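**Student:** Sharing entry_14.cif below, mmCIF, C-alpha atoms:
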data_protein
loop_
_atom_site.label_atom_id
_atom_site.label_comp_id
_atom_site.auth_asym_id
_atom_site.auth_seq_id
_atom_site.Cartn_x
_atom_site.Cartn_y
_atom_site.Cartn_z
CA MET A 1 116.90 77.82 98.80
CA GLU A 2 120.15 79.73 99.37
CA LYS A 3 121.90 80.85 96.20
CA VAL A 4 125.09 78.92 95.43
CA ARG A 5 128.04 81.35 95.49
CA LYS A 6 130.85 78.87 94.79
CA ILE A 7 131.33 75.18 94.15
CA LEU A 8 131.92 73.22 97.33
CA VAL A 9 132.58 69.56 98.15
CA HIS A 10 129.54 67.50 99.16
CA LEU A 11 129.86 64.00 100.58
CA SER A 12 127.65 60.94 100.15
CA LYS A 13 128.28 57.59 101.80
CA GLU A 14 126.14 54.45 101.52
CA ASN A 15 123.62 56.18 99.23
CA ALA A 16 122.86 58.95 101.74
CA ALA A 17 121.85 62.36 100.40
CA PRO A 18 124.95 64.49 99.72
CA GLN A 19 125.87 66.85 102.56
CA CYS A 20 128.11 69.91 102.29
CA ALA A 21 131.50 69.08 103.83
CA ARG A 22 132.63 71.20 106.77
CA PHE A 23 135.97 73.02 106.60
CA VAL A 24 137.41 70.92 109.46
CA GLN A 25 136.08 67.62 108.08
CA SER A 26 138.56 65.23 106.48
CA ILE A 27 137.25 64.28 103.06
CA THR A 28 139.45 61.18 102.84
CA GLY A 29 138.75 60.25 106.45
CA HIS A 30 135.02 60.38 105.80
CA PHE A 31 135.43 57.28 103.63
CA VAL A 32 138.32 55.38 105.27
CA GLY A 33 138.45 56.54 108.90
CA SER A 34 141.28 58.19 110.82
CA VAL A 35 144.15 55.81 109.96
CA GLU A 36 144.19 55.16 106.22
CA ASP A 37 145.09 57.98 103.81
CA GLN A 38 143.57 56.74 100.53
CA ALA A 39 140.06 55.84 99.39
CA THR A 40 138.48 54.85 96.10
CA VAL A 41 135.54 57.10 95.23
CA SER A 42 133.38 58.44 92.43
CA CYS A 43 132.80 62.13 91.84
CA SER A 44 130.51 64.33 89.79
CA LEU A 45 129.55 67.96 89.33
CA GLU A 46 125.80 68.32 89.81
CA ASN A 47 123.92 71.62 90.20
CA ASN A 48 127.13 73.41 91.17
CA ARG A 49 127.91 70.85 93.87
CA PHE A 50 131.01 68.65 93.65
CA ILE A 51 129.74 65.32 94.98
CA VAL A 52 132.20 62.71 96.23
CA CYS A 53 130.64 59.33 97.01
CA ASP A 54 131.53 55.69 97.67
CA ARG A 55 129.14 54.39 95.00
CA LEU A 56 131.68 53.40 92.38
CA CYS A 57 131.18 53.89 88.66
CA ASP A 58 133.77 52.49 86.22
CA GLY A 59 136.04 51.40 89.05
CA GLY A 60 136.23 54.83 90.69
CA VAL A 61 139.28 57.05 91.20
CA PRO A 62 141.76 57.37 94.07
CA LEU A 63 141.21 60.07 96.69
CA LYS A 64 144.27 60.70 98.86
CA ARG A 65 145.54 62.97 101.61
CA ALA A 66 149.09 63.48 102.86
CA SER A 67 150.15 61.31 105.78
CA PHE A 68 150.70 64.60 107.65
CA CYS A 69 147.42 66.22 106.53
CA PRO A 70 146.61 68.95 109.09
CA ILE A 71 142.87 68.19 109.09
CA LYS A 72 143.68 64.59 110.06
CA TYR A 73 145.49 65.75 113.21
CA LEU A 74 143.45 68.86 114.09
CA SER A 75 142.27 68.72 117.73
CA HIS A 76 138.80 69.90 118.79
CA SER A 77 140.30 72.89 120.59
CA GLU A 78 142.38 73.83 117.53
CA ALA A 79 139.31 73.53 115.32
CA ASP A 80 137.29 75.69 117.72
CA SER A 81 140.03 78.34 117.66
CA LEU A 82 139.80 78.87 113.88
CA PRO A 83 138.27 82.19 112.77
CA GLN A 84 134.58 81.99 111.89
CA ASP A 85 135.21 83.13 108.31
CA THR A 86 137.61 80.17 107.89
CA LEU A 87 135.21 77.68 109.50
CA SER A 88 132.40 78.83 107.23
CA ARG A 89 134.42 78.41 104.00
CA GLY A 90 133.53 74.77 103.43
CA VAL A 91 135.87 72.68 101.25
CA ASP A 92 136.66 74.27 97.88
CA VAL A 93 137.14 72.49 94.56
CA GLY A 94 140.13 72.95 92.29
CA VAL A 95 141.22 71.47 88.98
CA ALA A 96 144.80 70.81 87.90
CA VAL A 97 145.80 69.87 84.36
CA LEU A 98 148.53 67.36 83.58
CA LEU A 99 149.17 68.32 79.96
CA GLN A 100 150.94 65.46 78.17
CA SER A 101 152.62 66.16 74.84
CA ALA A 102 152.68 63.66 71.97
CA ASN A 103 156.23 62.69 73.02
CA GLN A 104 155.14 62.02 76.63
CA ARG A 105 156.39 65.12 78.41
CA LEU A 106 154.34 66.85 81.11
CA LEU A 107 154.12 70.59 81.74
CA LEU A 108 154.77 71.88 85.26
CA THR A 109 154.66 75.52 86.34
CA ARG A 110 156.29 77.28 89.28
CA ARG A 111 153.80 79.41 91.18
CA ALA A 112 154.70 83.10 91.37
CA SER A 113 156.43 84.23 94.58
CA SER A 114 153.69 86.82 95.19
CA LEU A 115 150.93 84.22 95.54
CA ARG A 116 149.49 83.78 99.05
CA ILE A 117 149.20 80.01 98.87
CA PHE A 118 152.11 77.71 97.95
CA PRO A 119 154.38 80.40 96.42
CA ASN A 120 157.44 79.13 94.45
CA VAL A 121 156.04 75.59 94.42
CA TRP A 122 155.94 73.51 91.20
CA VAL A 123 152.46 72.35 90.19
CA PRO A 124 150.50 71.66 87.00
CA PRO A 125 148.44 74.59 85.69
CA GLY A 126 145.12 74.85 87.51
CA GLY A 127 142.78 76.75 89.77
CA HIS A 128 139.19 77.04 90.91
CA VAL A 129 136.16 75.64 89.16
CA GLU A 130 133.69 78.43 88.41
CA LEU A 131 129.91 78.18 88.74
CA ASP A 132 128.20 76.26 85.91
CA GLU A 133 131.55 75.08 84.56
CA LYS A 134 132.49 71.51 83.66
CA LEU A 135 135.79 70.17 85.02
CA LEU A 136 137.38 69.94 81.59
CA ASP A 137 136.29 73.46 80.66
CA ALA A 138 137.68 74.76 83.96
CA GLY A 139 140.99 73.01 83.30
CA LEU A 140 141.27 74.39 79.78
CA ARG A 141 140.37 77.91 81.01
CA GLU A 142 143.01 77.80 83.75
CA LEU A 143 145.57 76.42 81.29
CA LYS A 144 144.89 79.38 78.99
CA GLU A 145 144.91 81.97 81.80
CA GLU A 146 148.16 80.75 83.34
CA THR A 147 150.19 79.62 80.33
CA GLY A 148 148.57 81.19 77.27
CA LEU A 149 148.03 77.73 75.73
CA ILE A 150 144.66 77.57 73.99
CA LEU A 151 143.40 74.01 73.49
CA SER A 152 139.86 73.06 72.56
CA PRO A 153 138.16 69.90 73.87
CA ASP A 154 138.20 68.31 70.40
CA GLU A 155 142.01 68.70 70.14
CA ILE A 156 142.76 66.58 73.19
CA SER A 157 141.72 63.44 75.01
CA SER A 158 141.05 63.80 78.71
CA GLN A 159 140.54 61.65 81.78
CA LEU A 160 140.30 62.14 85.52
CA LEU A 161 143.37 60.67 87.24
CA GLY A 162 142.54 61.20 90.91
CA LEU A 163 141.55 63.54 93.74
CA TRP A 164 143.89 65.12 96.27
CA GLU A 165 142.85 66.58 99.61
CA SER A 166 144.93 69.75 99.88
CA VAL A 167 145.32 71.89 103.00
CA TYR A 168 147.28 75.11 103.47
CA PRO A 169 149.54 75.46 105.40
CA PRO A 170 150.42 71.83 104.59
CA MET A 171 151.47 70.86 108.14
CA LEU A 172 150.08 71.72 111.58
CA SER A 173 153.63 72.46 112.77
CA ILE A 174 153.64 75.46 110.39
CA GLY A 175 150.23 76.83 111.35
CA LEU A 176 146.50 76.19 111.59
CA PRO A 177 144.62 75.50 108.33
CA LYS A 178 143.50 78.50 106.28
CA ARG A 179 142.45 76.74 103.07
CA HIS A 180 140.98 73.29 102.39
CA HIS A 181 140.47 71.96 98.84
CA VAL A 182 139.85 68.83 96.88
CA VAL A 183 142.00 69.10 93.77
CA THR A 184 140.88 67.10 90.72
CA TYR A 185 143.85 66.06 88.61
CA MET A 186 142.97 65.74 84.92
CA LEU A 187 145.24 64.24 82.28
CA LEU A 188 145.00 66.01 78.91
CA LYS A 189 146.78 64.35 75.99
CA SER A 190 147.79 66.63 73.13
CA SER A 191 148.75 65.52 69.61
CA LEU A 192 151.50 68.20 69.59
CA SER A 193 155.09 67.71 70.77
CA HIS A 194 156.32 69.64 73.80
CA LEU A 195 158.42 71.86 71.50
CA GLN A 196 155.33 72.76 69.46
CA LEU A 197 153.42 73.53 72.66
CA GLN A 198 156.41 75.39 74.14
CA ALA A 199 156.40 77.77 71.14
CA CYS A 200 152.85 78.83 72.11
CA LEU A 201 153.60 79.45 75.81
CA ARG A 202 152.70 82.95 77.05
CA PRO A 203 152.71 82.55 80.84
CA ASP A 204 151.03 85.11 83.08
CA PRO A 205 153.81 86.49 85.34
CA ALA A 206 151.26 87.24 88.08
CA GLU A 207 150.65 83.49 88.40
CA VAL A 208 153.68 81.69 86.93
CA SER A 209 157.40 82.36 87.42
CA ALA A 210 158.73 79.38 85.40
CA CYS A 211 157.68 76.42 83.23
CA VAL A 212 159.32 73.06 82.62
CA TRP A 213 158.60 69.92 80.58
CA VAL A 214 159.42 66.72 82.46
CA ASP A 215 159.71 63.14 81.17
CA ALA A 216 159.08 59.84 82.94
CA SER A 217 162.73 59.30 83.96
CA LEU A 218 162.81 62.63 85.79
CA VAL A 219 159.33 62.13 87.27
CA LYS A 220 160.42 58.80 88.79
CA VAL A 221 163.16 60.61 90.73
CA VAL A 222 160.85 63.45 91.81
CA VAL A 223 158.20 61.10 93.25
CA SER A 224 160.89 59.12 95.10
CA ALA A 225 161.33 62.17 97.36
CA VAL A 226 158.34 61.29 99.55
CA ASP A 227 157.20 64.23 101.68
CA GLY A 228 157.24 63.46 105.39
CA GLU A 229 160.15 61.00 105.07
CA ASN A 230 163.86 61.65 105.53
CA ASP A 231 165.68 59.07 103.42
CA SER A 232 168.14 60.49 100.89
CA VAL A 233 167.11 60.76 97.24
CA GLN A 234 169.46 59.20 94.72
CA ILE A 235 169.60 60.96 91.36
CA PRO A 236 170.64 58.26 88.85
CA SER A 237 174.03 58.83 87.25
CA ASP A 238 172.52 58.59 83.75
CA LEU A 239 170.16 61.50 84.51
CA PRO A 240 171.42 65.07 83.96
CA GLN A 241 172.07 66.98 87.19
CA THR A 242 170.34 70.07 85.80
CA ILE A 243 167.25 70.66 83.68
CA SER A 244 166.43 73.56 81.38
CA VAL A 245 163.46 75.61 82.56
CA THR A 246 161.76 78.65 81.05
CA GLU A 247 161.80 81.54 83.51
CA VAL A 248 159.14 84.25 83.31
CA SER A 249 160.17 87.82 84.16
CA PRO A 250 157.73 90.17 85.94
CA GLN A 251 157.13 91.72 82.50
CA GLY A 252 156.34 88.31 80.98
CA GLU A 253 159.59 87.90 79.06
CA LEU A 254 160.87 84.31 78.74
CA SER A 255 164.44 83.08 79.18
CA GLU A 256 166.05 79.64 79.47
CA VAL A 257 167.92 78.88 82.70
CA SER A 258 169.33 75.74 84.32
CA LEU A 259 167.71 74.37 87.46
CA PRO A 260 169.37 71.64 89.56
CA VAL A 261 167.26 68.48 89.47
CA SER A 262 167.79 68.30 93.24
CA VAL A 263 165.49 71.34 93.65
CA LEU A 264 162.60 69.33 92.20
CA CYS A 265 163.44 66.62 94.77
CA ASN A 266 163.11 68.96 97.77
CA ARG A 267 160.65 67.82 100.41
CA ALA A 268 157.94 69.83 102.16
CA PRO A 269 159.56 71.39 105.27
CA ASP A 270 157.82 70.86 108.62
CA HIS A 271 158.75 74.29 109.99
CA GLY A 272 159.74 77.76 108.83
CA GLU A 273 159.35 79.15 105.33
CA ASP A 274 158.35 76.90 102.45
CA ILE A 275 160.97 76.15 99.78
CA GLU A 276 161.00 75.61 96.04
CA ARG A 277 159.78 72.05 95.49
CA VAL A 278 157.18 69.95 93.70
CA SER A 279 153.96 69.96 95.73
CA THR A 280 152.89 66.81 97.57
CA GLY A 281 149.62 66.61 95.61
CA THR A 282 151.53 66.96 92.34
CA LYS A 283 153.74 64.01 93.30
CA PHE A 284 150.58 61.96 93.90
CA ALA A 285 149.31 62.88 90.41
CA LEU A 286 152.71 62.18 88.84
CA GLU A 287 152.71 58.70 90.39
CA LEU A 288 149.30 58.05 88.86
CA TRP A 289 150.65 59.23 85.50
CA LEU A 290 153.62 56.86 85.72
CA LYS A 291 151.26 53.93 86.41
CA MET A 292 149.30 54.85 83.29
CA LEU A 293 152.48 54.79 81.21
CA GLU A 294 153.58 51.35 82.45
CA PRO A 295 151.44 49.23 80.07
CA HIS A 296 152.83 51.24 77.11
CA ALA A 297 156.40 50.71 78.30
CA GLU A 298 155.82 46.95 78.55
CA MET A 299 154.29 46.85 75.07
CA GLY A 300 157.29 48.76 73.70
#
Before anything else, please render the file you have as structure tokens.
**Tutor:**
Amino acid sequence: MEKVRKILVHLSKENAAPQCARFVQSITGHFVGSVEDQATVSCSLENNRFIVCDRLCDGGVPLKRASFCPIKYLSHSEADSLPQDTLSRGVDVGVAVLLQSANQRLLLTRRASSLRIFPNVWVPPGGHVELDEKLLDAGLRELKEETGLILSPDEISSQLLGLWESVYPPMLSIGLPKRHHVVTYMLLKSSLSHLQLQACLRPDPAEVSACVWVDASLVKVVVSAVDGENDSVQIPSDLPQTISVTEVSPQGELSEVSLPVSVLCNRAPDHGEDIERVSTGTKFALELWLKMLEPHAEMG
């Protein structure tokens, strides 16, 4: 049996034995076909395989792709033209951590401009799942590596919010796919306020160029800027036009600067260079977070 070198996505439908997903295979499409962009699935890490299946436990979790997902529209000839080392990659697994403070703020980080994939894009802390690692442990490790925040599993409560099928570049009009991931979004609830957590931030400048804590009112505006659509985004008059973010210098020094809220409402461009924005997958996760908050808002 070939030695497992990295954790890859495996698919199981209708109780079939899990099969390793191919790089050019749509994970979402495997469950819902070529038209729909969202499925309800279960997932598990077993023997260093990330298994996604349609056998639902506890109601399952949403799996979604962008309406413009490149894998969805990739032609046979385009797929055949991909380099062999890309085709043989399989579909990687990532974990992203939505860290919620006791006062219901979420931490987002801006990816360093030197990163090859999605530079200058706002995302939750996260990265790859290592061999023999649990999802939660991977999330906590990435949180520590990127932000310096050290949280132990017994300090937080955690739950899986959903899965996002991520492809880079994010649109075929920008270029053929080079990376294909399923990102697992985990919600971690801390008993500390965002100011207490902020005091412990030590971001790694090689990975993170800025950090920001966002609340539900700001998140609602950010997710209203749906990628792939062109309608104008209205920033409510009662919301500040700027937000304070913590910038990280190349030497790791922190400073407070103002960022226009409109920057967080930028949409993914369909040509040319990418721009500073909140990633499409992050918006999906933020929408799931807002839905979780709704019952609490009604009770209040």
**Student:** Can you give me, as a PyMOL selection string, the residues this file yields under the PyMOL selection byres ((chain A and resi 225-237) around 8)?
**Tutor:** chain A and resi 67-68+221-224+238-241+262+265-268+280
**Student:** Take atom CA of Val248 of chain A and atom CA of Pro169 of chain A and report the distance between them in Å, one decimal.
**Tutor:**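 Value for the atom CA of Val248 of chain A-atom CA of Pro169 of chain A distance: 25.6 Å.
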**Student:** Got a sec to resolve the PyMOL selection byres ((chain A and resi 138) around 10) on this structure and send the residues as number ranges by chain?
**Tutor:** A: 94-97, 126-137, 139-144
**Student:** Rank A:Ser166, A:Asn47, A:Asn120, A:Ser75 by their smallest atom-to-atom distance to Ser209 of chain A, using only C-alpha atoms, and report the top residue only.
**Tutor:**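 For Ser209 of chain A, the nearest of the given residues is A:Asn120.
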**Student:** Once the PyMOL selection byres ((chain A and resi 278) around 6) has been applied to the shown file, what residues remain in the selection, as a PyMOL selection string?
**Tutor:** chain A and resi 121-122+264+277+279
**Student:** Hey, what's within 10 Å of Ile174 of chain A if we count only C-alpha atoms and toss same-chain stuff fewer than 2 positions away? As a ChimeraX atom specification, please?
**Tutor:** /A:70,168-172,176-177,269-274
**Student:** Output the selection as a CSV table (one decimal), in the frame of the given file - C-alpha atoms for each residue.
**Tutor:**
chain,number,residue,atom,x,y,z
A,70,PRO,CA,146.6,69.0,109.1
A,168,TYR,CA,147.3,75.1,103.5
A,169,PRO,CA,149.5,75.5,105.4
A,170,PRO,CA,150.4,71.8,104.6
A,171,MET,CA,151.5,70.9,108.1
A,172,LEU,CA,150.1,71.7,111.6
A,176,LEU,CA,146.5,76.2,111.6
A,177,PRO,CA,144.6,75.5,108.3
A,269,PRO,CA,159.6,71.4,105.3
A,270,ASP,CA,157.8,70.9,108.6
A,271,HIS,CA,158.8,74.3,110.0
A,272,GLY,CA,159.7,77.8,108.8
A,273,GLU,CA,159.4,79.2,105.3
A,274,ASP,CA,158.4,76.9,102.4
**Student:** So what do you get for atom CA of Gln251 of chain A versus atom CA of His194 of chain A, distance-wise?
**Tutor:**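 Result for atom CA of Gln251 of chain A versus atom CA of His194 of chain A: 23.7 Å, one decimal.
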**Student:** Could you add N, CA, C and O atoms to segment 192-212 of chain A and give me the result as a JSON list (two decimals), in the coordinates of the input?
**Tutor:**
[["chain", "number", "residue", "atom", "x", "y", "z"],
["A", 192, "LEU", "N", 150.32, 67.38, 69.91],
["A", 192, "LEU", "CA", 151.50, 68.20, 69.59],
["A", 192, "LEU", "C", 152.67, 67.80, 70.47],
["A", 192, "LEU", "O", 152.49, 67.37, 71.62],
["A", 193, "SER", "N", 153.90, 67.96, 69.96],
["A", 193, "SER", "CA", 155.09, 67.71, 70.77],
["A", 193, "SER", "C", 155.26, 68.83, 71.79],
["A", 193, "SER", "O", 154.65, 69.90, 71.67],
["A", 194, "HIS", "N", 156.12, 68.59, 72.79],
["A", 194, "HIS", "CA", 156.32, 69.64, 73.80],
["A", 194, "HIS", "C", 156.98, 70.87, 73.19],
["A", 194, "HIS", "O", 156.74, 72.00, 73.66],
["A", 195, "LEU", "N", 157.79, 70.70, 72.14],
["A", 195, "LEU", "CA", 158.42, 71.86, 71.50],
["A", 195, "LEU", "C", 157.38, 72.70, 70.76],
["A", 195, "LEU", "O", 157.44, 73.94, 70.76],
["A", 196, "GLN", "N", 156.41, 72.03, 70.13],
["A", 196, "GLN", "CA", 155.33, 72.76, 69.46],
["A", 196, "GLN", "C", 154.48, 73.52, 70.49],
["A", 196, "GLN", "O", 154.11, 74.68, 70.28],
["A", 197, "LEU", "N", 154.19, 72.87, 71.61],
["A", 197, "LEU", "CA", 153.42, 73.53, 72.66],
["A", 197, "LEU", "C", 154.23, 74.66, 73.32],
["A", 197, "LEU", "O", 153.71, 75.74, 73.60],
["A", 198, "GLN", "N", 155.52, 74.40, 73.52],
["A", 198, "GLN", "CA", 156.41, 75.39, 74.14],
["A", 198, "GLN", "C", 156.42, 76.69, 73.33],
["A", 198, "GLN", "O", 156.43, 77.80, 73.89],
["A", 199, "ALA", "N", 156.36, 76.58, 72.00],
["A", 199, "ALA", "CA", 156.40, 77.77, 71.14],
["A", 199, "ALA", "C", 155.17, 78.65, 71.33],
["A", 199, "ALA", "O", 155.19, 79.84, 70.99],
["A", 200, "CYS", "N", 154.10, 78.07, 71.90],
["A", 200, "CYS", "CA", 152.85, 78.83, 72.11],
["A", 200, "CYS", "C", 152.71, 79.34, 73.55],
["A", 200, "CYS", "O", 151.71, 79.98, 73.88],
["A", 201, "LEU", "N", 153.70, 79.04, 74.40],
["A", 201, "LEU", "CA", 153.60, 79.45, 75.81],
["A", 201, "LEU", "C", 153.66, 80.97, 75.95],
["A", 201, "LEU", "O", 154.58, 81.61, 75.43],
["A", 202, "ARG", "N", 152.70, 81.53, 76.67],
["A", 202, "ARG", "CA", 152.70, 82.95, 77.05],
["A", 202, "ARG", "C", 152.27, 83.03, 78.51],
["A", 202, "ARG", "O", 151.15, 83.45, 78.81],
["A", 203, "PRO", "N", 153.14, 82.63, 79.44],
["A", 203, "PRO", "CA", 152.71, 82.55, 80.84],
["A", 203, "PRO", "C", 152.36, 83.92, 81.43],
["A", 203, "PRO", "O", 152.95, 84.94, 81.06],
["A", 204, "ASP", "N", 151.41, 83.90, 82.35],
["A", 204, "ASP", "CA", 151.03, 85.11, 83.08],
["A", 204, "ASP", "C", 151.98, 85.28, 84.27],
["A", 204, "ASP", "O", 151.97, 84.46, 85.20],
["A", 205, "PRO", "N", 152.82, 86.35, 84.27],
["A", 205, "PRO", "CA", 153.81, 86.49, 85.34],
["A", 205, "PRO", "C", 153.20, 86.71, 86.72],
["A", 205, "PRO", "O", 153.87, 86.50, 87.73],
["A", 206, "ALA", "N", 151.92, 87.09, 86.78],
["A", 206, "ALA", "CA", 151.26, 87.24, 88.08],
["A", 206, "ALA", "C", 150.98, 85.88, 88.72],
["A", 206, "ALA", "O", 150.80, 85.78, 89.94],
["A", 207, "GLU", "N", 150.97, 84.82, 87.89],
["A", 207, "GLU", "CA", 150.65, 83.49, 88.40],
["A", 207, "GLU", "C", 151.81, 82.50, 88.29],
["A", 207, "GLU", "O", 151.94, 81.60, 89.11],
["A", 208, "VAL", "N", 152.66, 82.69, 87.26],
["A", 208, "VAL", "CA", 153.68, 81.69, 86.93],
["A", 208, "VAL", "C", 155.04, 82.36, 86.82],
["A", 208, "VAL", "O", 155.19, 83.36, 86.13],
["A", 209, "SER", "N", 156.05, 81.80, 87.51],
["A", 209, "SER", "CA", 157.40, 82.36, 87.42],
["A", 209, "SER", "C", 158.34, 81.48, 86.60],
["A", 209, "SER", "O", 159.45, 81.90, 86.27],
["A", 210, "ALA", "N", 157.91, 80.26, 86.24],
["A", 210, "ALA", "CA", 158.73, 79.38, 85.40],
["A", 210, "ALA", "C", 157.88, 78.22, 84.91],
["A", 210, "ALA", "O", 156.86, 77.87, 85.51],
["A", 211, "CYS", "N", 158.33, 77.61, 83.79],
["A", 211, "CYS", "CA", 157.68, 76.42, 83.23],
["A", 211, "CYS", "C", 158.75, 75.39, 82.91],
["A", 211, "CYS", "O", 159.89, 75.75, 82.59],
["A", 212, "VAL", "N", 158.38, 74.12, 82.98],
["A", 212, "VAL", "CA", 159.32, 73.06, 82.62],
["A", 212, "VAL", "C", 158.54, 71.87, 82.07],
["A", 212, "VAL", "O", 157.41, 71.61, 82.48]]
